[in-house]
>>> print(open('input-v8.tsv').read())   # TSV, C-alpha atoms
chain	number	residue	atom	x	y	z
A	112	MET	CA	-11.57	3.93	-22.92
A	113	SER	CA	-11.40	1.88	-26.12
A	114	ILE	CA	-13.69	-1.07	-26.79
A	115	THR	CA	-10.70	-3.39	-26.39
A	116	SER	CA	-9.92	-1.92	-22.98
A	117	LYS	CA	-13.55	-2.17	-21.92
A	118	LEU	CA	-13.69	-5.82	-22.92
A	119	SER	CA	-10.43	-6.53	-21.08
A	120	THR	CA	-11.79	-4.86	-17.94
A	121	LEU	CA	-15.03	-6.82	-18.21
A	122	ARG	CA	-13.12	-10.10	-18.52
A	123	PHE	CA	-11.11	-9.16	-15.46
A	124	PHE	CA	-14.28	-8.47	-13.46
A	125	PHE	CA	-15.55	-12.00	-14.15
A	126	LYS	CA	-12.20	-13.68	-13.52
A	127	PRO	CA	-12.28	-15.96	-10.44
A	128	ARG	CA	-10.74	-14.10	-7.50
A	129	LYS	CA	-7.29	-15.26	-6.46
A	130	PHE	CA	-5.53	-13.12	-3.89
A	131	VAL	CA	-1.77	-12.97	-3.38
A	132	ALA	CA	-0.42	-11.47	-0.15
A	133	GLN	CA	2.85	-9.62	-0.62
A	134	TYR	CA	5.16	-9.17	2.38
A	135	LYS	CA	8.42	-7.21	2.31
A	136	LEU	CA	10.78	-8.37	5.07
A	137	PHE	CA	14.13	-7.53	6.63
A	138	PHE	CA	13.41	-7.86	10.33
A	139	GLY	CA	11.32	-10.92	11.15
A	140	ASP	CA	9.50	-9.29	13.99
A	141	GLU	CA	7.47	-11.15	16.54
A	142	TRP	CA	4.18	-10.52	14.73
A	143	LEU	CA	4.79	-12.27	11.42
A	144	GLU	CA	3.13	-15.58	12.28
A	145	ALA	CA	0.07	-13.83	13.70
A	146	SER	CA	-0.17	-11.62	10.62
A	147	VAL	CA	-0.05	-14.62	8.28
A	148	GLU	CA	-2.52	-16.55	10.41
A	149	SER	CA	-5.02	-13.70	10.11
A	150	ILE	CA	-5.04	-13.64	6.29
A	151	ALA	CA	-3.86	-17.08	5.10
A	152	PRO	CA	-7.31	-18.74	4.80
A	153	TYR	CA	-8.28	-16.16	2.19
A	154	MET	CA	-5.09	-16.17	0.14
A	155	TYR	CA	-4.25	-18.15	-2.99
A	156	LYS	CA	-0.52	-17.51	-2.47
A	157	ILE	CA	1.61	-15.74	0.14
A	158	LEU	CA	4.80	-14.14	-1.17
A	159	PHE	CA	7.59	-13.17	1.23
A	160	VAL	CA	10.10	-10.82	-0.40
A	161	VAL	CA	13.14	-11.03	1.91
A	162	SER	CA	16.02	-8.56	1.66
A	163	ASP	CA	19.42	-9.17	3.24
A	164	VAL	CA	20.13	-5.44	3.49
A	165	ALA	CA	18.26	-2.59	5.16
A	166	TRP	CA	16.78	0.31	3.19
A	167	GLY	CA	19.44	2.95	2.76
A	168	ASP	CA	22.34	0.58	3.42
A	169	ASP	CA	25.19	0.03	1.00
A	170	VAL	CA	24.58	-3.49	-0.33
A	171	ASN	CA	28.34	-4.10	-0.26
A	172	ASN	CA	28.82	-2.75	3.27
A	173	PRO	CA	25.58	-3.01	5.27
A	174	LYS	CA	25.49	-1.24	8.65
A	175	ILE	CA	22.42	-3.00	10.03
A	176	LYS	CA	22.02	-6.76	10.22
A	177	GLY	CA	18.56	-8.23	9.74
A	178	ASP	CA	17.04	-11.18	11.52
A	179	ASN	CA	17.51	-14.78	10.52
A	180	LEU	CA	14.06	-15.29	9.06
A	181	ASP	CA	14.52	-18.89	7.97
A	182	PRO	CA	13.14	-20.50	11.16
A	183	VAL	CA	9.88	-18.56	11.17
A	184	LEU	CA	9.47	-18.85	7.39
A	185	ASP	CA	10.10	-22.60	7.55
A	186	LYS	CA	7.41	-22.87	10.22
A	187	ILE	CA	4.94	-20.92	8.09
A	188	LYS	CA	5.83	-22.96	4.97
A	189	ALA	CA	5.22	-26.17	6.91
A	190	LYS	CA	1.73	-24.96	7.83
A	191	TYR	CA	0.86	-23.61	4.37
A	192	PRO	CA	3.07	-25.63	1.96
A	193	ASP	CA	0.95	-24.95	-1.11
A	194	LYS	CA	0.66	-21.22	-0.54
A	195	VAL	CA	4.04	-19.89	0.60
A	196	ILE	CA	6.68	-18.53	-1.78
A	197	VAL	CA	9.95	-16.99	-0.59
A	198	LEU	CA	11.87	-14.58	-2.82
A	199	LYS	CA	15.29	-13.49	-1.51
A	200	GLY	CA	17.50	-10.67	-2.72
A	201	SER	CA	19.27	-7.41	-1.86
A	202	TRP	CA	17.06	-4.32	-2.03
A	203	ASN	CA	18.28	-1.19	-0.27
A	204	ALA	CA	15.33	0.95	-1.37
A	205	GLN	CA	11.77	0.30	-0.28
A	206	LEU	CA	10.33	0.96	-3.74
A	207	ALA	CA	12.68	-1.56	-5.34
A	208	HIS	CA	11.83	-4.04	-2.60
A	209	VAL	CA	8.07	-3.92	-3.22
A	210	GLN	CA	8.42	-3.69	-7.01
A	211	ALA	CA	10.43	-6.92	-7.00
A	212	GLY	CA	7.46	-8.63	-5.39
A	213	LEU	CA	4.99	-7.24	-7.90
A	214	ASP	CA	7.23	-8.22	-10.83
A	215	TYR	CA	7.47	-11.76	-9.47
A	216	ILE	CA	3.69	-12.06	-9.12
A	217	LYS	CA	3.08	-10.83	-12.67
A	218	GLN	CA	5.65	-13.19	-14.15
A	219	ASN	CA	4.98	-16.30	-12.09
A	220	ILE	CA	1.37	-16.10	-10.84
A	221	PRO	CA	-0.53	-14.71	-13.84
A	222	GLU	CA	-3.81	-16.23	-12.64
A	223	ALA	CA	-3.78	-13.97	-9.54
A	224	THR	CA	-6.32	-11.14	-9.61
A	225	HIS	CA	-5.53	-8.99	-6.56
A	226	CYS	CA	-2.59	-8.23	-4.29
A	227	LEU	CA	-2.97	-7.79	-0.55
A	228	TYR	CA	-0.18	-5.45	0.53
A	229	VAL	CA	0.60	-6.43	4.10
A	230	ASP	CA	3.53	-5.88	6.44
A	231	GLY	CA	4.69	-8.44	8.97
A	232	ASP	CA	3.19	-6.46	11.85
A	233	GLU	CA	-0.27	-5.94	10.32
A	234	ILE	CA	-3.06	-8.17	11.59
A	235	TYR	CA	-6.71	-8.52	10.53
A	236	THR	CA	-9.79	-9.76	12.28
A	237	LYS	CA	-12.03	-12.13	10.32
A	238	ARG	CA	-14.55	-9.33	9.77
A	239	GLN	CA	-11.86	-6.87	8.65
A	240	ILE	CA	-10.32	-9.12	5.99
A	241	GLU	CA	-13.66	-10.34	4.68
A	242	ASP	CA	-15.05	-6.81	4.35
A	243	LEU	CA	-11.89	-5.71	2.57
A	244	LEU	CA	-11.72	-8.58	0.08
A	245	ALA	CA	-15.43	-8.20	-0.70
A	246	LEU	CA	-14.56	-4.91	-2.42
A	247	SER	CA	-12.72	-6.89	-5.12
A	248	ARG	CA	-16.06	-8.31	-6.23
A	249	LYS	CA	-18.01	-5.05	-6.43
A	250	ILE	CA	-18.45	-3.28	-9.73
A	251	LYS	CA	-17.40	0.10	-8.33
A	252	THR	CA	-14.24	-1.08	-6.59
A	253	PHE	CA	-12.94	-4.30	-8.23
A	254	ASN	CA	-10.44	-2.42	-10.39
A	255	CYS	CA	-9.35	0.12	-7.77
A	256	ALA	CA	-6.60	0.49	-5.21
A	257	ILE	CA	-8.14	0.35	-1.75
A	258	ARG	CA	-6.76	2.36	1.16
A	259	ILE	CA	-7.98	1.91	4.73
A	260	ASN	CA	-7.30	3.01	8.30
A	261	TYR	CA	-5.41	1.15	11.01
A	262	ASN	CA	-5.08	1.03	14.79
A	263	THR	CA	-1.54	1.42	16.12
A	264	TYR	CA	-0.54	-0.08	19.47
A	265	PHE	CA	2.32	1.20	21.61
A	266	LYS	CA	4.46	-0.72	24.10
A	267	THR	CA	1.60	-3.15	24.72
A	268	ILE	CA	-1.49	-4.34	22.88
A	269	TYR	CA	-3.55	-2.87	25.70
A	270	TYR	CA	-2.85	0.74	24.64
A	271	LYS	CA	-3.55	2.15	21.18
A	272	VAL	CA	-2.82	5.53	19.70
A	273	TYR	CA	-5.78	7.91	19.84
A	274	PRO	CA	-7.15	9.93	18.17
A	275	ASN	CA	-6.40	8.32	14.82
A	276	LYS	CA	-4.73	10.99	12.68
A	277	TYR	CA	-3.04	8.72	10.15
A	278	PRO	CA	-3.38	8.98	6.41
A	279	VAL	CA	-5.03	5.82	5.05
A	280	HIS	CA	-2.73	3.06	3.74
A	281	LEU	CA	-2.86	1.01	0.54
A	282	VAL	CA	-3.89	-2.57	1.30
A	283	LEU	CA	-5.46	-4.05	-1.86
A	284	PHE	CA	-5.08	-3.51	-5.58
A	285	PRO	CA	-5.88	-5.32	-8.86
A	286	LEU	CA	-3.11	-7.25	-10.59
A	287	GLN	CA	-3.62	-5.78	-14.03
A	288	LYS	CA	-0.75	-5.71	-16.55
A	289	TRP	CA	-0.55	-1.92	-16.36
A	290	ILE	CA	-0.29	-1.75	-12.56
A	291	GLU	CA	3.01	-0.43	-11.17
A	292	TYR	CA	4.10	1.08	-7.88
A	293	ARG	CA	4.30	4.88	-7.87
A	294	ASN	CA	6.03	4.78	-4.50
A	295	GLU	CA	6.46	2.17	-1.80
A	296	ARG	CA	2.77	2.14	-0.85
A	297	ASN	CA	0.92	3.59	-3.82
A	298	VAL	CA	0.03	2.23	-7.26
A	299	ASN	CA	-1.24	3.76	-10.50
A	300	ALA	CA	-4.86	2.66	-10.13
A	301	LYS	CA	-7.92	4.68	-9.23
A	302	ILE	CA	-7.86	5.11	-5.45
A	303	ILE	CA	-10.77	4.40	-3.14
A	304	ASP	CA	-10.41	5.46	0.50
A	305	ARG	CA	-12.45	3.40	2.97
A	306	LYS	CA	-11.92	5.11	6.30
A	307	ASP	CA	-14.52	2.83	7.87
A	308	LEU	CA	-12.23	-0.20	7.44
A	309	PHE	CA	-9.24	-0.96	9.69
A	310	TYR	CA	-6.43	-3.38	10.35
A	311	GLU	CA	-4.47	-3.74	13.59
A	312	HIS	CA	-0.86	-2.55	13.73
A	313	PRO	CA	1.17	-3.61	16.81
A	314	GLY	CA	4.35	-2.44	15.11
A	315	TYR	CA	5.54	-0.63	18.22
A	316	VAL	CA	5.02	-3.58	20.54
A	317	ARG	CA	8.21	-5.59	20.92
A	318	ALA	CA	9.51	-8.38	23.12
A	319	ASP	CA	12.48	-6.31	24.22
A	320	ASN	CA	13.92	-2.82	23.86
A	321	GLU	CA	16.75	-3.95	21.57
A	322	LYS	CA	14.22	-4.95	18.91
A	323	MET	CA	12.83	-1.41	18.90
A	324	ARG	CA	16.28	0.20	18.90
A	325	LEU	CA	17.22	-1.77	15.77
A	326	LYS	CA	13.95	-0.86	14.07
A	327	ILE	CA	14.49	2.84	14.69
A	328	GLU	CA	18.10	2.69	13.51
A	329	ALA	CA	17.02	0.95	10.30
A	330	HIS	CA	14.29	3.50	9.62
A	331	ARG	CA	16.60	6.41	10.44
A	332	GLU	CA	18.32	5.81	7.08
A	333	THR	CA	15.16	6.60	5.13
A	334	GLU	CA	12.91	8.57	7.51
A	335	PRO	CA	13.42	11.83	9.46
A	336	ILE	CA	13.49	10.31	12.96
A	337	ILE	CA	13.48	13.19	15.45
A	338	GLY	CA	16.44	13.38	17.82
A	339	ASP	CA	17.23	10.45	20.09
A	340	TRP	CA	13.68	9.10	19.91
A	341	TYR	CA	14.62	5.68	21.25
A	342	HIS	CA	16.05	7.01	24.54
A	343	ASP	CA	13.90	10.11	24.93
A	344	VAL	CA	10.53	8.63	23.96
A	345	TRP	CA	10.58	4.85	23.81
A	346	LEU	CA	12.42	4.27	27.07
A	347	GLY	CA	10.68	7.15	28.86
A	348	TRP	CA	7.13	6.57	27.63
A	349	THR	CA	4.14	6.34	29.99
A	350	PRO	CA	0.42	6.20	29.12
A	351	GLU	CA	0.28	9.92	29.88
A	352	THR	CA	2.91	10.80	27.22
A	353	LYS	CA	1.65	13.17	24.52
A	354	ASN	CA	2.80	13.87	20.95
A	355	PHE	CA	5.40	11.11	20.61
A	356	HIS	CA	5.45	9.89	16.99
A	357	PRO	CA	9.09	9.39	15.86
A	358	THR	CA	8.86	11.65	12.78
A	359	SER	CA	5.67	13.71	13.17
A	360	PRO	CA	5.02	14.00	16.94
A	361	ASP	CA	1.42	15.21	16.76
A	362	PHE	CA	0.38	12.13	14.75
A	363	TRP	CA	0.40	10.35	18.09
A	364	GLU	CA	-1.38	12.78	20.36
A	365	GLY	CA	-1.95	10.19	23.08
A	366	THR	CA	-3.22	6.68	23.83
A	367	VAL	CA	-6.34	5.00	25.19
A	368	PRO	CA	-6.64	1.61	26.94
A	369	VAL	CA	-7.90	-1.37	24.94
A	370	ASP	CA	-9.95	-4.31	26.19
A	371	GLU	CA	-8.57	-7.74	25.23
A	372	LYS	CA	-11.95	-8.88	23.93
A	373	ASP	CA	-11.80	-6.22	21.21
A	374	LEU	CA	-8.53	-7.58	19.76
A	375	PRO	CA	-7.95	-10.37	17.22
A	376	PRO	CA	-7.38	-13.61	19.16
A	377	VAL	CA	-4.18	-14.35	17.18
A	378	MET	CA	-2.81	-10.98	18.26
A	379	VAL	CA	-3.55	-11.64	21.93
A	380	GLU	CA	-2.05	-15.12	21.73
A	381	ALA	CA	1.12	-13.82	20.05
A	382	PHE	CA	1.53	-11.06	22.61
A	383	LYS	CA	1.18	-13.41	25.56
A	384	LYS	CA	3.68	-15.79	24.00
A	385	MET	CA	6.03	-12.87	23.40
A	386	MET	CA	5.78	-11.81	27.03
A	387	GLY	CA	6.22	-15.39	28.26
A	388	LYS	CA	2.73	-15.59	29.75
>>> encode(input="input-v8.tsv", output="structure tokens")
Amino acid sequence: MSITSKLSTLRFFFKPRKFVAQYKLFFGDEWLEASVESIAPYMYKILFVVSDVAWGDDVNNPKIKGDNLDPVLDKIKAKYPDKVIVLKGSWNAQLAHVQAGLDYIKQNIPEATHCLYVDGDEIYTKRQIEDLLALSRKIKTFNCAIRINYNTYFKTIYYKVYPNKYPVHLVLFPLQKWIEYRNERNVNAKIIDRKDLFYEHPGYVRADNEKMRLKIEAHRETEPIIGDWYHDVWLGWTPETKNFHPTSPDFWEGTVPVDEKDLPPVMVEAFKKMMGK
């Protein structure tokens, strides 16, 4: 590393931390408000990159219609008027979708130091988000891409997939000029895996079956969904079901029950609201 590069890195280390959360959206699933609520107090800005076409769709002839996200985004903007930014466009590839968000941040929020990569169905506890963001201030990790584990919930927040066989996911990276996405959830920074850190992922908990059917159909365009997963697995699932992941069955070997007290309160509140309780 040249002296110039070393000095630039040193300046970046001492730069005041300003975090930007980047969401990529097409479906405005039931968890978006809870996700934002869990991270908003720690964010400088929250960027929603909203596509009007699904990944894999022809932008001129889309097969899958997304949700009308304006009502939920308006509600979030009203709560966090100084933080929320909405960027709309047509991105039929996931990499283009996330890269559009990164390009916007670089061009319009140059004071930002780190990006929190977060999907609309990813929720943090206070301890989880604070432990994660603390890594941006440590000499060994401030300039690295951080990947962590996550807990996936199925059908209900009271059952989670177990054992956890997932590869870790990118969640935080520095907003240096040279940073680019290598793929939809990977950047060209040194990678640090923190398997001791988690977020909560109720991505397979939905208010009704139609929501899940649409999600699977949208993902079928870009992922190798096995057979008629919606009818064979989703509709037929019981807590005793084994090996039921939609693309790699043994990723989800089984489930274990979860106690409500071990869940983020915003997640419990959102679930009860979703179920009309």
>>> atom_distance(input="input-v8.tsv", atom1="atom CA of A:Ala300", atom2="atom CA of A:Leu227")
14.3 Å
>>> atom_distance(input="input-v8.tsv", atom1="atom CA of A:Glu222", atom2="atom CA of A:Leu118")
17.7 Å
>>> residues_around(input="input-v8.tsv", residues="A:His342", least_positions_apart="5", cutoff="12 Å", atoms="all atoms listed in the file", output="ChimeraX atom specification")
/A:320-321,323-324,327,337,347-348,357
>>> closest_residue(input="input-v8.tsv", among="A:Ile259, A:Leu308, A:Val367, A:Val298", to="A:Thr352", atoms="only C-alpha atoms")
A:Val367
>>> residues_around(input="input-v8.tsv", residues="A:Asp185", least_positions_apart="6", cutoff="10 Å", atoms="only C-alpha atoms", output="ChimeraX atom specification")
/A:191-192,195,197
>>> closest_residue(input="input-v8.tsv", among="A:His356, A:His312, A:His225, A:Lys188", to="A:Lys129", atoms="all atoms listed in the file")
A:His225
>>> closest_residue(input="input-v8.tsv", among="A:Ile240, A:Lys353, A:Val316, A:Tyr341", to="A:Met154", atoms="all atoms listed in the file")
A:Ile240
>>> atom_distance(input="input-v8.tsv", atom1="atom CA of A:Thr333", atom2="atom CA of A:Tyr292")
17.9 Å
>>> closest_residue(input="input-v8.tsv", among="A:Val282, A:Val272, A:Ala207, A:Cys255", to="A:Asp230", atoms="only C-alpha atoms")
A:Val282
>>> closest_residue(input="input-v8.tsv", among="A:Leu213, A:Ala329, A:Ala381, A:Val279", to="A:Tyr134", atoms="all atoms listed in the file")
A:Leu213
>>> residues_around(input="input-v8.tsv", residues="A:Pro221", least_positions_apart="6", cutoff="12 Å", atoms="all atoms listed in the file", output="PyMOL selection string")
chain A and resi 126+129-131+155-156+213-215+285-288
>>> write_last_selection(input="input-v8.tsv", atoms="C-alpha atoms", output="compact mmCIF listing (two decimals), in the frame of the given file")
# COMPACT_ATOMS: atom_id res chain seq x y z
CA LYS A 126 -12.20 -13.68 -13.52
CA LYS A 129 -7.29 -15.26 -6.46
CA PHE A 130 -5.53 -13.12 -3.89
CA VAL A 131 -1.77 -12.97 -3.38
CA TYR A 155 -4.25 -18.15 -2.99
CA LYS A 156 -0.52 -17.51 -2.47
CA LEU A 213 4.99 -7.24 -7.90
CA ASP A 214 7.23 -8.22 -10.83
CA TYR A 215 7.47 -11.76 -9.47
CA PRO A 285 -5.88 -5.32 -8.86
CA LEU A 286 -3.11 -7.25 -10.59
CA GLN A 287 -3.62 -5.78 -14.03
CA LYS A 288 -0.75 -5.71 -16.55
>>> residues_around(input="input-v8.tsv", residues="A:Lys306", least_positions_apart="4", cutoff="12 Å", atoms="only C-alpha atoms", output="PyMOL selection string")
chain A and resi 243+257-262+275-281+310
>>> residues_near_point(input="input-v8.tsv", point="(17.4, 2.7, 12.3)", cutoff="12 Å", atoms="only C-alpha atoms", output="number ranges by chain")
A: 138, 165-168, 174-177, 321-337, 339-341, 357
>>> closest_residue(input="input-v8.tsv", among="A:Gln210, A:Ser201, A:Thr267, A:Thr252", to="A:Lys301", atoms="all atoms listed in the file")
A:Thr252
>>> residues_around(input="input-v8.tsv", residues="A:Ile196", least_positions_apart="3", cutoff="8 Å", atoms="all atoms listed in the file", output="list in words")
Lys156, Ile157, Leu158 and Phe159 of chain A
>>> decode(input="input-v8.tsv", residues="stretch 180-209 of chain A", atoms="N, CA and C atoms", output="mmCIF file, in the first residue's frame")
data_model
loop_
_atom_site.group_PDB
_atom_site.id
_atom_site.type_symbol
_atom_site.label_atom_id
_atom_site.label_comp_id
_atom_site.auth_asym_id
_atom_site.auth_seq_id
_atom_site.Cartn_x
_atom_site.Cartn_y
_atom_site.Cartn_z
ATOM 1 N N LEU A 180 -46.018 0.273 -2.694
ATOM 2 C CA LEU A 180 -45.232 0.554 -1.495
ATOM 3 C C LEU A 180 -45.431 1.962 -0.959
ATOM 4 N N ASP A 181 -46.103 2.811 -1.713
ATOM 5 C CA ASP A 181 -46.219 4.212 -1.306
ATOM 6 C C ASP A 181 -46.840 4.392 0.084
ATOM 7 N N PRO A 182 -47.907 3.685 0.444
ATOM 8 C CA PRO A 182 -48.485 3.900 1.770
ATOM 9 C C PRO A 182 -47.522 3.608 2.918
ATOM 10 N N VAL A 183 -46.810 2.481 2.846
ATOM 11 C CA VAL A 183 -45.907 2.151 3.950
ATOM 12 C C VAL A 183 -44.681 3.060 3.927
ATOM 13 N N LEU A 184 -44.201 3.427 2.751
ATOM 14 C CA LEU A 184 -43.057 4.338 2.683
ATOM 15 C C LEU A 184 -43.441 5.731 3.166
ATOM 16 N N ASP A 185 -44.651 6.178 2.839
ATOM 17 C CA ASP A 185 -45.112 7.482 3.333
ATOM 18 C C ASP A 185 -45.187 7.484 4.859
ATOM 19 N N LYS A 186 -45.628 6.369 5.419
ATOM 20 C CA LYS A 186 -45.718 6.260 6.882
ATOM 21 C C LYS A 186 -44.332 6.316 7.514
ATOM 22 N N ILE A 187 -43.377 5.626 6.903
ATOM 23 C CA ILE A 187 -42.009 5.633 7.424
ATOM 24 C C ILE A 187 -41.378 7.012 7.260
ATOM 25 N N LYS A 188 -41.623 7.655 6.108
ATOM 26 C CA LYS A 188 -41.083 9.014 5.881
ATOM 27 C C LYS A 188 -41.637 10.005 6.892
ATOM 28 N N ALA A 189 -42.913 9.835 7.245
ATOM 29 C CA ALA A 189 -43.523 10.742 8.220
ATOM 30 C C ALA A 189 -42.865 10.590 9.595
ATOM 31 N N LYS A 190 -42.436 9.386 9.903
ATOM 32 C CA LYS A 190 -41.807 9.141 11.210
ATOM 33 C C LYS A 190 -40.349 9.572 11.227
ATOM 34 N N TYR A 191 -39.672 9.418 10.075
ATOM 35 C CA TYR A 191 -38.247 9.755 9.988
ATOM 36 C C TYR A 191 -38.012 10.693 8.804
ATOM 37 N N PRO A 192 -38.577 11.895 8.829
ATOM 38 C CA PRO A 192 -38.536 12.784 7.649
ATOM 39 C C PRO A 192 -37.143 13.209 7.236
ATOM 40 N N ASP A 193 -36.221 13.273 8.178
ATOM 41 C CA ASP A 193 -34.877 13.742 7.851
ATOM 42 C C ASP A 193 -33.928 12.616 7.441
ATOM 43 N N LYS A 194 -34.417 11.391 7.523
ATOM 44 C CA LYS A 194 -33.553 10.245 7.239
ATOM 45 C C LYS A 194 -33.903 9.519 5.947
ATOM 46 N N VAL A 195 -35.175 9.492 5.589
ATOM 47 C CA VAL A 195 -35.634 8.610 4.515
ATOM 48 C C VAL A 195 -35.438 9.213 3.129
ATOM 49 N N ILE A 196 -34.896 8.403 2.231
ATOM 50 C CA ILE A 196 -34.744 8.747 0.813
ATOM 51 C C ILE A 196 -35.329 7.597 0.002
ATOM 52 N N VAL A 197 -36.134 7.914 -1.002
ATOM 53 C CA VAL A 197 -36.721 6.889 -1.866
ATOM 54 C C VAL A 197 -36.213 7.076 -3.289
ATOM 55 N N LEU A 198 -35.609 6.033 -3.832
ATOM 56 C CA LEU A 198 -35.104 6.039 -5.207
ATOM 57 C C LEU A 198 -35.895 4.996 -5.995
ATOM 58 N N LYS A 199 -36.601 5.432 -7.034
ATOM 59 C CA LYS A 199 -37.434 4.519 -7.817
ATOM 60 C C LYS A 199 -36.835 4.307 -9.206
ATOM 61 N N GLY A 200 -37.052 3.100 -9.733
ATOM 62 C CA GLY A 200 -36.550 2.783 -11.064
ATOM 63 C C GLY A 200 -36.998 1.407 -11.499
ATOM 64 N N SER A 201 -36.427 0.922 -12.586
ATOM 65 C CA SER A 201 -36.743 -0.403 -13.132
ATOM 66 C C SER A 201 -35.452 -1.214 -13.215
ATOM 67 N N TRP A 202 -35.313 -2.174 -12.299
ATOM 68 C CA TRP A 202 -34.119 -3.015 -12.275
ATOM 69 C C TRP A 202 -34.562 -4.471 -12.271
ATOM 70 N N ASN A 203 -34.289 -5.188 -13.356
ATOM 71 C CA ASN A 203 -34.731 -6.570 -13.439
ATOM 72 C C ASN A 203 -33.617 -7.566 -13.128
ATOM 73 N N ALA A 204 -32.515 -7.052 -12.565
ATOM 74 C CA ALA A 204 -31.432 -7.902 -12.081
ATOM 75 C C ALA A 204 -31.056 -7.429 -10.683
ATOM 76 N N GLN A 205 -30.853 -8.380 -9.787
ATOM 77 C CA GLN A 205 -30.586 -8.012 -8.399
ATOM 78 C C GLN A 205 -29.299 -7.207 -8.265
ATOM 79 N N LEU A 206 -28.267 -7.557 -9.026
ATOM 80 C CA LEU A 206 -27.015 -6.820 -8.939
ATOM 81 C C LEU A 206 -27.195 -5.369 -9.367
ATOM 82 N N ALA A 207 -27.916 -5.142 -10.444
ATOM 83 C CA ALA A 207 -28.179 -3.772 -10.892
ATOM 84 C C ALA A 207 -28.994 -3.005 -9.866
ATOM 85 N N HIS A 208 -29.897 -3.700 -9.214
ATOM 86 C CA HIS A 208 -30.767 -3.096 -8.204
ATOM 87 C C HIS A 208 -29.929 -2.559 -7.033
ATOM 88 N N VAL A 209 -29.045 -3.407 -6.497
ATOM 89 C CA VAL A 209 -28.244 -2.966 -5.350
ATOM 90 C C VAL A 209 -27.169 -1.971 -5.761
#
